[in-house]
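Have a look at my_file_34.cif; it's mmCIF, C-alpha atoms:
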```
data_protein
#
loop_
_atom_site.label_atom_id
_atom_site.label_comp_id
_atom_site.auth_asym_id
_atom_site.auth_seq_id
_atom_site.Cartn_x
_atom_site.Cartn_y
_atom_site.Cartn_z
CA MET S 70 20.43 -8.60 19.30
CA LEU S 71 16.86 -7.37 18.93
CA TRP S 72 14.48 -9.18 21.17
CA GLY S 73 10.86 -9.02 22.24
CA LEU S 74 8.34 -11.02 24.25
CA GLY S 75 11.18 -12.77 26.05
CA GLN S 76 12.94 -14.15 22.97
CA PRO S 77 14.98 -12.86 20.04
CA ILE S 78 12.60 -12.40 17.13
CA LEU S 79 14.49 -10.44 14.51
CA ALA S 80 17.35 -12.90 14.25
CA LYS S 81 17.62 -14.91 11.04
CA GLY S 82 16.97 -18.28 12.64
CA ASN S 83 13.66 -17.28 14.18
CA LEU S 84 12.21 -15.24 11.33
CA ASP S 85 13.00 -17.91 8.77
CA THR S 86 10.82 -20.34 10.73
CA VAL S 87 8.03 -17.97 11.75
CA ARG S 88 4.85 -18.26 9.69
CA GLN S 89 2.17 -15.62 9.53
CA ALA S 90 -0.69 -17.82 10.66
CA GLY S 91 -3.21 -14.99 10.66
CA TYR S 92 -2.45 -14.04 7.06
CA ARG S 93 -2.57 -17.63 5.83
CA GLN S 94 -5.85 -18.18 7.65
CA SER S 95 -7.43 -15.14 6.00
CA VAL S 96 -6.46 -16.55 2.59
CA MET S 97 -7.78 -20.05 3.40
CA SER S 98 -11.01 -18.71 4.90
CA SER S 99 -11.73 -16.93 1.61
CA ALA S 100 -11.75 -20.21 -0.33
CA TRP S 101 -15.48 -19.78 -0.93
CA LEU S 102 -14.65 -16.62 -2.88
CA GLN S 103 -12.83 -18.73 -5.43
CA VAL S 104 -16.10 -20.53 -6.14
CA VAL S 105 -17.89 -17.20 -6.64
CA VAL S 106 -15.09 -15.91 -8.88
CA ALA S 107 -15.15 -19.07 -11.00
CA ALA S 108 -18.96 -18.96 -11.28
CA VAL S 109 -19.02 -15.30 -12.34
CA ALA S 110 -16.20 -15.80 -14.85
CA LEU S 111 -18.00 -18.80 -16.35
CA LEU S 112 -21.23 -16.83 -16.57
CA CYS S 113 -19.45 -14.01 -18.40
CA VAL S 114 -18.19 -16.45 -21.02
CA ILE S 115 -21.30 -18.59 -21.47
CA GLY S 116 -23.87 -15.79 -21.12
CA PRO S 117 -22.89 -13.72 -24.18
CA MET S 118 -22.40 -16.91 -26.20
CA LEU S 119 -25.95 -18.12 -25.48
CA ILE S 120 -27.44 -14.68 -26.12
CA GLY S 121 -25.53 -14.35 -29.38
CA GLU S 122 -26.68 -17.76 -30.61
CA ALA S 123 -30.27 -16.95 -29.63
CA ARG S 124 -30.08 -13.81 -31.77
CA GLY S 125 -28.81 -15.85 -34.70
CA PHE S 126 -25.28 -14.47 -34.84
CA ASP S 127 -22.62 -16.57 -36.55
CA PRO S 128 -20.87 -18.47 -33.70
CA ARG S 129 -17.61 -18.43 -35.69
CA ALA S 130 -17.35 -14.72 -34.88
CA PHE S 131 -17.21 -15.76 -31.22
CA ARG S 132 -13.49 -16.37 -31.73
CA LEU S 133 -13.11 -12.61 -31.46
CA TYR S 134 -14.40 -12.88 -27.91
CA GLY S 135 -11.35 -14.81 -26.76
CA ILE S 136 -8.91 -12.67 -28.72
CA GLN S 137 -10.32 -9.45 -27.26
CA MET S 138 -10.45 -10.60 -23.63
CA PRO S 139 -7.06 -9.11 -22.60
CA LEU S 140 -7.98 -5.77 -24.19
CA ALA S 141 -11.43 -5.80 -22.57
CA GLY S 142 -9.81 -6.56 -19.21
CA LEU S 143 -7.44 -3.61 -19.57
CA VAL S 144 -10.27 -1.27 -20.57
CA SER S 145 -12.31 -2.47 -17.61
CA LEU S 146 -9.39 -1.84 -15.25
CA VAL S 147 -8.87 1.69 -16.60
CA ILE S 148 -12.59 2.52 -16.29
CA HIS S 149 -12.77 1.17 -12.73
CA GLU S 150 -9.73 3.10 -11.50
CA ALA S 151 -10.88 6.22 -13.38
CA GLY S 152 -14.06 5.99 -11.33
CA HIS S 153 -12.04 6.02 -8.09
CA TRP S 154 -9.96 8.95 -9.34
CA ALA S 155 -12.99 10.98 -10.43
CA ALA S 156 -14.77 10.40 -7.13
CA GLY S 157 -11.65 11.43 -5.18
CA TRP S 158 -11.28 14.56 -7.30
CA ALA S 159 -14.97 15.41 -6.75
CA VAL S 160 -14.62 15.32 -2.94
CA GLY S 161 -11.37 17.32 -2.98
CA TRP S 162 -8.93 14.56 -1.99
CA ARG S 163 -5.41 14.72 -3.37
CA CYS S 164 -4.45 11.94 -5.79
CA LEU S 165 -0.97 10.58 -5.07
CA SER S 166 -0.68 7.75 -7.59
CA ILE S 167 -2.62 5.72 -10.14
CA GLN S 168 -1.60 2.17 -11.00
CA ILE S 169 -2.84 0.31 -14.08
CA GLY S 170 -1.22 -3.10 -14.42
CA PRO S 171 2.58 -2.84 -14.41
CA TYR S 172 2.61 0.96 -14.80
CA LYS S 173 2.20 3.50 -12.04
CA LEU S 174 1.67 7.24 -12.42
CA VAL S 175 3.22 8.93 -9.36
CA ARG S 176 2.90 12.53 -8.24
CA ARG S 177 6.30 14.11 -7.62
CA ALA S 178 7.63 17.61 -6.97
CA ALA S 179 8.27 18.14 -10.70
CA GLY S 180 4.88 16.72 -11.71
CA TRP S 181 3.52 13.31 -12.69
CA GLN S 182 5.99 10.55 -13.57
CA ILE S 183 5.51 7.00 -14.86
CA GLU S 184 7.12 4.05 -13.05
CA TRP S 185 7.39 0.38 -13.91
CA THR S 186 6.22 -1.77 -10.97
CA GLY S 187 6.71 -5.23 -12.43
CA TRP S 188 4.26 -7.52 -14.16
CA ASN S 189 0.85 -7.61 -12.51
CA PHE S 190 -2.78 -7.17 -13.50
CA SER S 191 -4.04 -5.05 -10.63
CA GLY S 192 -5.09 -1.44 -10.37
CA ALA S 193 -5.11 1.10 -7.56
CA VAL S 194 -5.62 4.78 -6.86
CA ALA S 195 -3.90 6.26 -3.79
CA SER S 196 -5.50 9.43 -2.44
CA SER S 197 -4.83 11.65 0.53
CA PRO S 198 -7.62 13.26 2.55
CA THR S 199 -6.87 16.93 3.21
CA SER S 200 -8.60 16.53 6.59
CA TYR S 201 -10.80 14.06 8.43
CA LYS S 202 -13.86 16.33 8.22
CA ASP S 203 -16.76 14.44 6.60
CA PHE S 204 -14.37 11.50 6.18
CA ARG S 205 -17.09 8.85 6.23
CA LYS S 206 -19.07 10.46 3.41
CA TYR S 207 -16.06 11.34 1.28
CA ASP S 208 -14.38 7.95 1.63
CA ALA S 209 -17.66 6.24 0.76
CA TRP S 210 -17.84 8.27 -2.46
CA LEU S 211 -14.20 7.56 -3.36
CA THR S 212 -14.56 3.83 -2.66
CA ALA S 213 -17.88 3.52 -4.50
CA GLY S 214 -16.52 5.43 -7.50
CA GLY S 215 -14.83 2.35 -8.96
CA PRO S 216 -17.83 0.00 -8.79
CA LEU S 217 -20.13 2.76 -10.08
CA ALA S 218 -17.87 3.26 -13.10
CA SER S 219 -17.91 -0.50 -13.73
CA ILE S 220 -21.73 -0.51 -13.55
CA LEU S 221 -21.80 2.28 -16.14
CA GLN S 222 -19.48 0.19 -18.32
CA LEU S 223 -21.82 -2.78 -18.01
CA VAL S 224 -24.92 -0.72 -18.87
CA PHE S 225 -23.36 1.24 -21.76
CA PHE S 226 -21.73 -1.69 -23.55
CA GLY S 227 -24.63 -4.00 -22.72
CA LEU S 228 -27.15 -1.65 -24.33
CA ALA S 229 -24.87 -1.17 -27.33
CA ALA S 230 -24.55 -4.94 -27.74
CA SER S 231 -28.33 -5.35 -27.59
CA MET S 232 -28.84 -2.82 -30.41
CA THR S 233 -26.19 -3.94 -32.88
CA GLU S 234 -27.01 -6.24 -35.81
CA SER S 235 -23.38 -7.17 -36.48
CA ALA S 236 -22.04 -10.43 -35.06
CA GLU S 237 -18.51 -9.03 -34.80
CA TRP S 238 -19.67 -5.89 -33.00
CA PHE S 239 -21.95 -7.92 -30.74
CA TRP S 240 -19.13 -10.14 -29.48
CA SER S 241 -16.85 -7.13 -28.93
CA LEU S 242 -19.47 -5.09 -27.05
CA ALA S 243 -20.70 -8.08 -25.08
CA ASN S 244 -17.12 -8.79 -24.07
CA ALA S 245 -16.72 -5.27 -22.66
CA ALA S 246 -20.07 -5.51 -20.87
CA ALA S 247 -19.14 -8.86 -19.34
CA PHE S 248 -15.91 -7.46 -17.94
CA GLY S 249 -17.85 -4.53 -16.48
CA PHE S 250 -20.09 -7.04 -14.73
CA MET S 251 -17.09 -9.00 -13.43
CA ALA S 252 -15.37 -5.85 -12.14
CA THR S 253 -18.55 -4.79 -10.35
CA VAL S 254 -19.12 -8.13 -8.64
CA PHE S 255 -15.50 -8.81 -7.73
CA SER S 256 -14.96 -5.33 -6.28
CA LEU S 257 -18.14 -5.37 -4.17
CA ILE S 258 -17.60 -8.78 -2.57
CA PRO S 259 -16.46 -7.99 1.01
CA SER S 260 -13.05 -9.67 1.13
CA ARG S 261 -9.62 -9.09 2.57
CA GLU S 262 -6.31 -10.72 1.76
CA GLY S 263 -3.06 -9.68 3.38
CA PHE S 264 -3.04 -5.88 3.59
CA GLY S 265 -5.55 -5.32 0.80
CA SER S 266 -9.31 -4.95 1.11
CA SER S 267 -11.96 -4.96 -1.59
CA ASP S 268 -14.18 -1.96 -2.20
CA GLY S 269 -17.02 -3.95 -0.68
CA MET S 270 -15.07 -4.54 2.53
CA LYS S 271 -14.17 -0.83 2.80
CA LEU S 272 -17.79 0.22 2.28
CA TRP S 273 -18.90 -2.33 4.88
CA GLN S 274 -16.47 -0.87 7.44
CA LEU S 275 -17.74 2.63 6.73
CA LEU S 276 -21.33 1.43 7.15
CA LEU S 277 -20.57 -0.27 10.47
CA GLY S 278 -19.00 2.86 11.99
CA GLY S 279 -17.45 2.71 15.47
CA LEU S 280 -14.17 0.79 15.64
CA ALA S 281 -14.45 -0.19 11.97
CA LEU S 282 -14.68 3.48 11.00
CA GLU S 283 -11.64 4.31 13.15
CA GLU S 284 -9.74 1.53 11.40
CA SER S 285 -10.70 3.03 8.04
CA LYS S 286 -9.30 6.38 9.16
CA ARG S 287 -6.05 4.78 10.34
CA ARG S 288 -5.70 3.10 6.96
CA TYR S 289 -5.25 6.57 5.44
CA LEU S 290 -2.70 7.94 7.94
CA VAL S 291 0.34 7.20 5.78
CA ASN S 292 -1.44 8.67 2.75
CA VAL S 293 -2.31 11.78 4.75
CA SER S 294 1.37 12.25 5.61
CA ALA S 295 2.28 11.59 1.96
CA GLY S 296 -0.07 14.30 0.72
CA THR S 297 0.02 16.94 3.47
CA PRO S 298 2.63 18.46 5.86
CA LEU S 299 1.34 16.26 8.74
CA ARG S 300 4.22 14.16 10.11
CA PRO S 301 3.73 10.70 11.65
CA ARG S 302 4.60 12.11 15.09
CA ASP S 303 1.61 14.47 14.78
CA TRP S 304 -1.01 11.88 13.85
CA PRO S 305 -4.28 12.45 15.78
CA ILE S 306 -4.16 11.05 19.28
CA GLU S 307 -7.76 9.85 18.94
CA LEU S 308 -6.53 7.44 16.24
CA MET S 309 -3.11 6.46 17.65
CA GLY S 310 -4.04 6.45 21.33
CA PRO S 311 -6.21 3.31 21.15
CA VAL S 312 -3.41 1.48 19.30
CA LEU S 313 -0.68 2.48 21.76
CA ASP S 314 -2.92 1.68 24.75
CA GLY S 315 -3.98 -1.69 23.39
CA ARG S 316 -7.66 -0.73 23.20
CA VAL S 317 -8.06 -2.04 19.64
CA PRO S 318 -7.08 -5.38 18.10
CA ARG S 319 -3.43 -5.34 17.10
CA SER S 320 -3.19 -5.68 13.36
CA ARG S 321 0.21 -5.61 11.66
CA ARG S 322 -0.73 -2.36 9.93
CA ASN S 323 -1.43 -0.76 13.31
CA GLN S 324 1.84 -2.07 14.69
CA TYR S 325 3.69 -0.47 11.79
CA LEU S 326 1.85 2.82 12.32
CA ALA S 327 2.72 2.79 16.02
CA TYR S 328 6.38 2.17 15.20
CA ILE S 329 6.86 5.08 12.79
CA HIS S 330 4.71 7.35 14.99
CA LEU S 331 6.97 6.71 17.99
CA LEU S 332 10.21 6.73 15.99
CA ASP S 333 9.30 10.10 14.47
CA SER S 334 8.52 11.31 17.99
CA GLY S 335 12.13 10.59 19.01
CA LYS S 336 11.25 7.50 21.07
CA PRO S 337 13.17 4.61 19.47
CA GLU S 338 13.12 2.43 22.59
CA ALA S 339 9.32 2.73 22.79
CA ALA S 340 9.05 2.10 19.05
CA PHE S 341 11.09 -1.11 19.11
CA PRO S 342 8.43 -3.53 20.52
CA TRP S 343 6.08 -2.51 17.71
CA LEU S 344 8.77 -3.14 15.10
CA ALA S 345 9.47 -6.52 16.70
CA GLN S 346 5.81 -7.50 16.46
CA PHE S 347 5.08 -6.58 12.87
CA THR S 348 8.34 -8.10 11.58
CA ALA S 349 7.94 -11.33 13.54
CA GLU S 350 5.04 -12.42 11.31
CA ARG S 351 6.76 -11.79 8.00
CA SER S 352 5.09 -12.80 4.73
CA LYS S 353 5.75 -12.33 1.05
CA ALA S 354 2.80 -9.92 0.92
CA ASP S 355 4.54 -7.40 3.19
CA PRO S 356 5.24 -3.96 1.74
CA TYR S 357 8.93 -3.16 1.38
CA ASP S 358 8.55 -0.49 4.08
CA PHE S 359 8.60 -3.23 6.74
CA ALA S 360 11.99 -4.59 5.68
CA VAL S 361 13.41 -1.06 5.26
CA GLU S 362 12.42 -0.11 8.81
CA ALA S 363 13.90 -3.34 10.22
CA THR S 364 17.14 -2.69 8.32
CA TYR S 365 17.29 0.89 9.59
CA TYR S 366 16.68 -0.02 13.25
CA LEU S 367 19.11 -2.93 13.25
CA GLY S 368 21.77 -0.91 11.46
CA ILE S 369 21.46 2.38 13.34
CA TYR S 370 20.31 1.51 16.84
CA GLU S 371 21.77 -1.98 17.22
CA ARG S 372 24.84 -1.80 14.93
CA ASN S 373 23.86 -5.37 13.98
CA ALA S 374 25.62 -5.78 10.63
CA SER S 375 24.42 -9.31 9.85
CA GLY S 376 20.81 -8.55 10.81
CA ALA S 377 20.77 -5.33 8.81
CA ALA S 378 22.24 -7.13 5.79
CA LEU S 379 19.59 -9.85 6.07
CA TRP S 380 16.71 -7.39 6.09
CA LEU S 381 18.29 -5.24 3.40
CA GLY S 382 18.34 -8.29 1.13
CA ARG S 383 14.65 -8.82 1.80
CA ALA S 384 13.86 -5.19 1.07
CA LEU S 385 15.72 -5.24 -2.24
CA LYS S 386 13.77 -8.28 -3.44
CA ASP S 387 10.79 -5.98 -3.93
CA LYS S 388 11.43 -4.31 -7.28
CA ARG S 389 8.89 -1.59 -6.43
CA ILE S 390 11.08 -0.14 -3.67
CA SER S 391 11.52 3.61 -4.06
CA GLY S 392 14.97 5.13 -4.42
CA ALA S 393 14.93 7.07 -1.15
CA TYR S 394 13.81 4.05 0.89
CA ARG S 395 16.39 1.79 -0.75
CA LEU S 396 19.22 4.25 -0.14
CA ARG S 397 18.19 4.77 3.50
CA ALA S 398 18.26 1.03 4.12
CA GLU S 399 21.63 0.68 2.37
CA ALA S 400 23.04 3.57 4.41
CA ALA S 401 21.94 1.91 7.66
CA ALA S 402 23.48 -1.43 6.65
CA ALA S 403 26.74 0.30 5.70
CA PHE S 404 26.81 2.16 9.02
CA ALA S 405 26.32 -1.09 10.95
CA ALA S 406 29.20 -2.67 9.02
CA GLY S 407 31.49 0.24 9.88
CA ARG S 408 31.67 1.60 6.33
CA MET S 409 31.19 5.22 7.38
CA ALA S 410 32.17 6.90 4.12
CA GLU S 411 29.74 4.70 2.21
CA ALA S 412 26.98 5.32 4.76
CA GLU S 413 27.46 9.08 4.42
CA ARG S 414 27.43 8.90 0.62
CA LEU S 415 24.26 6.82 0.56
CA ALA S 416 22.49 9.03 3.11
CA ARG S 417 23.29 12.16 1.08
CA ALA S 418 22.07 10.43 -2.09
CA ALA S 419 18.83 9.55 -0.32
CA LEU S 420 18.38 13.16 0.78
CA ALA S 421 18.83 14.25 -2.83
CA LYS S 422 16.15 11.75 -3.86
CA LEU S 423 13.78 13.19 -1.27
CA ASP S 424 14.13 16.60 -2.92
CA GLU S 425 12.45 15.07 -5.97
CA GLU S 426 9.44 13.90 -3.97
CA LEU S 427 6.27 15.85 -3.28
CA PRO S 428 6.92 17.96 -0.13
CA CYS S 429 5.00 16.32 2.71
CA GLY S 430 5.19 15.05 6.28
CA LEU S 431 6.36 11.59 5.25
CA VAL S 432 9.31 13.09 3.37
CA GLU S 433 10.27 15.12 6.45
CA TYR S 434 10.11 11.95 8.55
CA GLN S 435 12.59 10.27 6.22
CA ARG S 436 14.73 13.39 6.07
CA THR S 437 15.07 13.34 9.87
CA LEU S 438 16.14 9.69 9.85
CA LEU S 439 18.76 10.37 7.17
CA ASN S 440 20.09 13.40 9.03
CA ASP S 441 20.40 11.14 12.08
CA VAL S 442 22.63 8.84 10.01
CA LEU S 443 24.84 11.77 9.01
CA HIS S 444 25.14 12.96 12.61
CA LEU S 445 26.04 9.44 13.74
CA VAL S 446 28.67 9.13 11.02
CA SER S 447 30.26 12.40 12.17
CA THR S 448 30.30 11.18 15.80
CA SER S 449 31.14 7.54 15.04
CA ALA S 450 34.31 7.69 17.13
CA SER S 451 32.33 8.82 20.16
CA SER S 452 31.58 6.41 22.99
CA VAL S 453 28.17 8.00 23.62
CA PRO S 454 25.32 5.49 22.95
CA VAL S 455 23.44 5.95 19.69
CA GLN S 456 20.12 6.55 21.46
CA LYS S 457 21.58 9.46 23.42
CA VAL S 458 23.12 11.03 20.33
CA ILE S 459 19.83 10.87 18.41
CA ALA S 460 17.83 12.03 21.43
CA ALA S 461 20.08 15.10 21.66
CA ILE S 462 19.58 15.78 17.93
CA HIS S 463 15.79 15.57 18.25
CA THR S 464 15.87 17.86 21.30
CA LEU S 465 17.76 20.48 19.30
CA ASP S 466 15.38 20.11 16.37
CA ALA S 467 12.37 20.57 18.65
CA ALA S 468 13.94 23.65 20.24
CA GLN S 469 14.48 25.20 16.83
#
```
So that I can check it, write out the structure of this file as structure tokens.
Amino acid sequence: MLWGLGQPILAKGNLDTVRQAGYRQSVMSSAWLQVVVAAVALLCVIGPMLIGEARGFDPRAFRLYGIQMPLAGLVSLVIHEAGHWAAGWAVGWRCLSIQIGPYKLVRRAAGWQIEWTGWNFSGAVASSPTSYKDFRKYDAWLTAGGPLASILQLVFFGLAASMTESAEWFWSLANAAAFGFMATVFSLIPSREGFGSSDGMKLWQLLLGGLALEESKRRYLVNVSAGTPLRPRDWPIELMGPVLDGRVPRSRRNQYLAYIHLLDSGKPEAAFPWLAQFTAERSKADPYDFAVEATYYLGIYERNASGAALWLGRALKDKRISGAYRLRAEAAAAFAAGRMAEAERLARAALAKLDEELPCGLVEYQRTLLNDVLHLVSTSASSVPVQKVIAAIHTLDAAQ
């Protein structure tokens, strides 16, 4: 049984009753943002209508405004994310993925590939710094790239709408300009919900400097390992030290970073308390990585078949889960249940999936964990504790 803080916290009974009070509070405290969002959206509908009527345009053509709104929203999303991508390219950061609505363009070993992520209307660009030199300046440019592109959209389509004499063209151009205005305002409002932060919040942290700047750097650690050879065990001590020593507030993201940093360092017993903390406050907004890591630890280090099966089910509910992560979790659950042949097959399939990924430190981290599964399967009849077997493997790897 996994336990922490004097009580079992990864068991089904506890985690089904635990509520992430901090996450819920952050959502409730942003209620005022809903008022701002509603006001801006209303302005973007009424504003062009009043301007169009003042210019004498036929209001019947306004019907086009409503019909074109989904298209204008998509165009606005593409322009905003293109701004982030262009800014990242300009500062030399490596683009890892671009998401526009339900589609995601992912960088792999064989090139760019398109994935379906499920129905949503969000956008995101994931980039990897090649180093932390001039991080503050470069991240500010990358973050501001999206809002700047939306401002350009507002200005370009707004000017075009002001010059046209056609009612149909006016409503179409005004629609695009209004969405540029909405994208600018919504992205620059400093807000945070769950694990996501607005561009305004990120820029505010960069402006504050100090601990806020350190937190911004830690936010990129996983991306750095996904875009460079840097493994989680080698993350800069100036960023991980304050987390491990308790010198910074313990966010769930930091707890997750501490866990994979220590696990990749061959210290599973030291990693466990961090896993226990970030899984104890489970929410629907959690990335699938959390459930995968819980499944792996329960299955490999605890041989807890029921616990591993529970967390595997939670991981598989997220349709965005990558093939390698899914197979690693399934291999751990099979190992815990004593299905050694299946665990070996799944681990080898996961290793094959990793060969398709962009070579990087995060891939090597996963490769080590999967090789641990294969070693454990081959020594499953041994009475030596799992921790000692894996510690011996890591010692040999370090010596080589």
List the neighbours of stretch 200-206 of chain S out to 8 Å using all atoms listed in the file; skip same-chain residues closer than 2 positions along the sequence, and give me the result as a list in words. Pro198, Asp208, Ala209, Trp210, Leu275, Leu282 and Lys286 of chain S
Between S:Ser334, S:Ser231, S:Thr253, S:Ser375, which residue has the minimum interatomic distance to S:Gly214, considering only C-alpha atoms?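 Using only C-alpha atoms, the shortest distance to S:Gly214 belongs to S:Thr253.
Between S:Asn189 and the residues S:Arg288, S:Lys422, S:Arg408, S:Arg389, the shortest atom-to-atom distance, using only C-alpha atoms, involves S:Arg389.
The residues returned by the PyMOL selection byres ((chain S and resi 251) around 9) for this structure are S:Val106, S:Val109, S:Ala110, S:Cys113, S:Ser219, S:Ala246, S:Ala247, S:Phe248, S:Gly249, S:Phe250, S:Ala252, S:Thr253, S:Val254, S:Phe255, S:Ser256.
With all atoms listed in the file as the basis for measurement, S:Arg397 is the residue among S:Lys353, S:Arg383, S:Lys173, S:Arg397 that approaches S:Ala418 most closely.
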Explicit residues for the PyMOL selection byres ((chain S and resi 324) around 12) (as a PyMOL selection string): chain S and resi 287-288+309+311-315+317-323+325-331+340-350+359
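Straight-line separation from atom CA of S:Val104 to atom CA of S:Ser352: 25.0 Å.
With the shown file loaded, the PyMOL selection byres ((chain S and resi 407) around 12) picks out Gly368, Ile369, Arg372, Asn373, Ala374, Ser375, Ala400, Ala401, Ala402, Ala403, Phe404, Ala405, Ala406, Arg408, Met409, Ala410, Glu411, Ala412, Glu413, Leu445, Val446, Ser449 and Ala450 of chain S.
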By how many Å are atom CA of S:Asp303 and atom CA of S:Tyr357 apart?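 Atom-to-atom, atom CA of S:Asp303 to atom CA of S:Tyr357, that is 23.3 Å.
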Restricting the calculation to all atoms listed in the file: of S:Gln137, S:Asn244, S:Ser191, S:Gln222, which residue gets closest to S:Gly265?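 Between S:Gln137, S:Asn244, S:Ser191, S:Gln222, the residue approaching S:Gly265 most closely is S:Ser191.
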Against stretch 117-129 of chain S, which residues of stretch 164-274 of chain S fall within 12 Å? For each one I want the closest pair of atoms and the distance in Å (one decimal), counting all atoms listed in the file, rows by chain and increasing residue number, as JSON lines.
```
{"residue": "S:Gly227", "atom": "CA", "partner": "S:Pro117", "partner_atom": "CA", "distance": 10.0}
{"residue": "S:Ala230", "atom": "CA", "partner": "S:Gly121", "partner_atom": "CA", "distance": 9.6}
{"residue": "S:Ser231", "atom": "CA", "partner": "S:Ile120", "partner_atom": "CA", "distance": 9.5}
{"residue": "S:Met232", "atom": "CA", "partner": "S:Arg124", "partner_atom": "CA", "distance": 11.1}
{"residue": "S:Thr233", "atom": "CA", "partner": "S:Arg124", "partner_atom": "CA", "distance": 10.7}
{"residue": "S:Glu234", "atom": "CA", "partner": "S:Phe126", "partner_atom": "CA", "distance": 8.5}
{"residue": "S:Ser235", "atom": "CA", "partner": "S:Phe126", "partner_atom": "CA", "distance": 7.7}
{"residue": "S:Ala236", "atom": "CA", "partner": "S:Phe126", "partner_atom": "CA", "distance": 5.2}
{"residue": "S:Glu237", "atom": "CA", "partner": "S:Phe126", "partner_atom": "CA", "distance": 8.7}
{"residue": "S:Trp238", "atom": "CA", "partner": "S:Phe126", "partner_atom": "CA", "distance": 10.4}
{"residue": "S:Phe239", "atom": "CA", "partner": "S:Gly121", "partner_atom": "CA", "distance": 7.5}
{"residue": "S:Trp240", "atom": "CA", "partner": "S:Pro117", "partner_atom": "CA", "distance": 7.4}
{"residue": "S:Ser241", "atom": "CA", "partner": "S:Pro117", "partner_atom": "CA", "distance": 10.1}
{"residue": "S:Leu242", "atom": "CA", "partner": "S:Pro117", "partner_atom": "CA", "distance": 9.7}
{"residue": "S:Ala243", "atom": "CA", "partner": "S:Pro117", "partner_atom": "CA", "distance": 6.1}
{"residue": "S:Asn244", "atom": "CA", "partner": "S:Pro117", "partner_atom": "CA", "distance": 7.6}
{"residue": "S:Ala245", "atom": "CA", "partner": "S:Pro117", "partner_atom": "CA", "distance": 10.6}
{"residue": "S:Ala246", "atom": "CA", "partner": "S:Pro117", "partner_atom": "CA", "distance": 9.3}
{"residue": "S:Ala247", "atom": "CA", "partner": "S:Pro117", "partner_atom": "CA", "distance": 7.8}
{"residue": "S:Phe248", "atom": "CA", "partner": "S:Pro117", "partner_atom": "CA", "distance": 11.3}
{"residue": "S:Phe250", "atom": "CA", "partner": "S:Pro117", "partner_atom": "CA", "distance": 11.9}
```
Could you work out how far atom CA of S:Asp358 lies from atom CA of S:Glu399, giving the answer in Å with one decimal?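 Between atom CA of S:Glu399 and atom CA of S:Asp358 the gap is 13.2 Å.
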So, with all atoms listed in the file as the atoms that count, which of S:Ala229, S:Val175, S:Leu140, S:Leu280 lies closest to S:Arg316? S:Leu280
So, with only C-alpha atoms as the atoms that count, which of S:Gln182, S:Thr297, S:Ser197, S:Thr212 lies closest to S:Gly152?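 Of all the options, S:Thr212 lies closest to S:Gly152.
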Could you work out an axis-aligned bounding box for all listed atoms of stretch 354-361 of chain S, with 4 Å added on each of the six sides, and give its centre and edge lengths in Å to one decimal, as AutoDock Vina command-line options?
```
--center_x 8.1 --center_y -5.2 --center_z 3.8 --size_x 18.6 --size_y 17.4 --size_z 13.8
```
Since fewer atoms than expected are present, regenerate N, CA, C and O atoms for stretch 219-226 of chain S and write them as a short mmCIF file (atom, residue, chain, number, x, y, z; two decimals), keeping the file's coordinate frame.
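rebuild07.cif written:
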```cif
data_model
loop_
_atom_site.label_atom_id
_atom_site.label_comp_id
_atom_site.auth_asym_id
_atom_site.auth_seq_id
_atom_site.Cartn_x
_atom_site.Cartn_y
_atom_site.Cartn_z
N SER S 219 -17.78 0.82 -13.11
CA SER S 219 -17.91 -0.50 -13.73
C SER S 219 -19.37 -0.80 -14.08
O SER S 219 -19.65 -1.45 -15.10
N ILE S 220 -20.29 -0.34 -13.24
CA ILE S 220 -21.73 -0.51 -13.55
C ILE S 220 -22.08 0.26 -14.82
O ILE S 220 -22.81 -0.23 -15.68
N LEU S 221 -21.57 1.49 -14.92
CA LEU S 221 -21.80 2.28 -16.14
C LEU S 221 -21.23 1.58 -17.36
O LEU S 221 -21.83 1.60 -18.44
N GLN S 222 -20.07 0.95 -17.21
CA GLN S 222 -19.48 0.19 -18.32
C GLN S 222 -20.40 -0.95 -18.73
O GLN S 222 -20.64 -1.17 -19.92
N LEU S 223 -20.91 -1.67 -17.75
CA LEU S 223 -21.82 -2.78 -18.01
C LEU S 223 -23.07 -2.30 -18.75
O LEU S 223 -23.47 -2.89 -19.76
N VAL S 224 -23.68 -1.22 -18.27
CA VAL S 224 -24.92 -0.72 -18.87
C VAL S 224 -24.67 -0.19 -20.29
O VAL S 224 -25.41 -0.52 -21.22
N PHE S 225 -23.62 0.62 -20.45
CA PHE S 225 -23.36 1.24 -21.76
C PHE S 225 -23.07 0.19 -22.83
O PHE S 225 -23.70 0.17 -23.89
N PHE S 226 -22.11 -0.70 -22.54
CA PHE S 226 -21.73 -1.69 -23.55
C PHE S 226 -22.81 -2.76 -23.71
O PHE S 226 -22.98 -3.32 -24.80
#
```
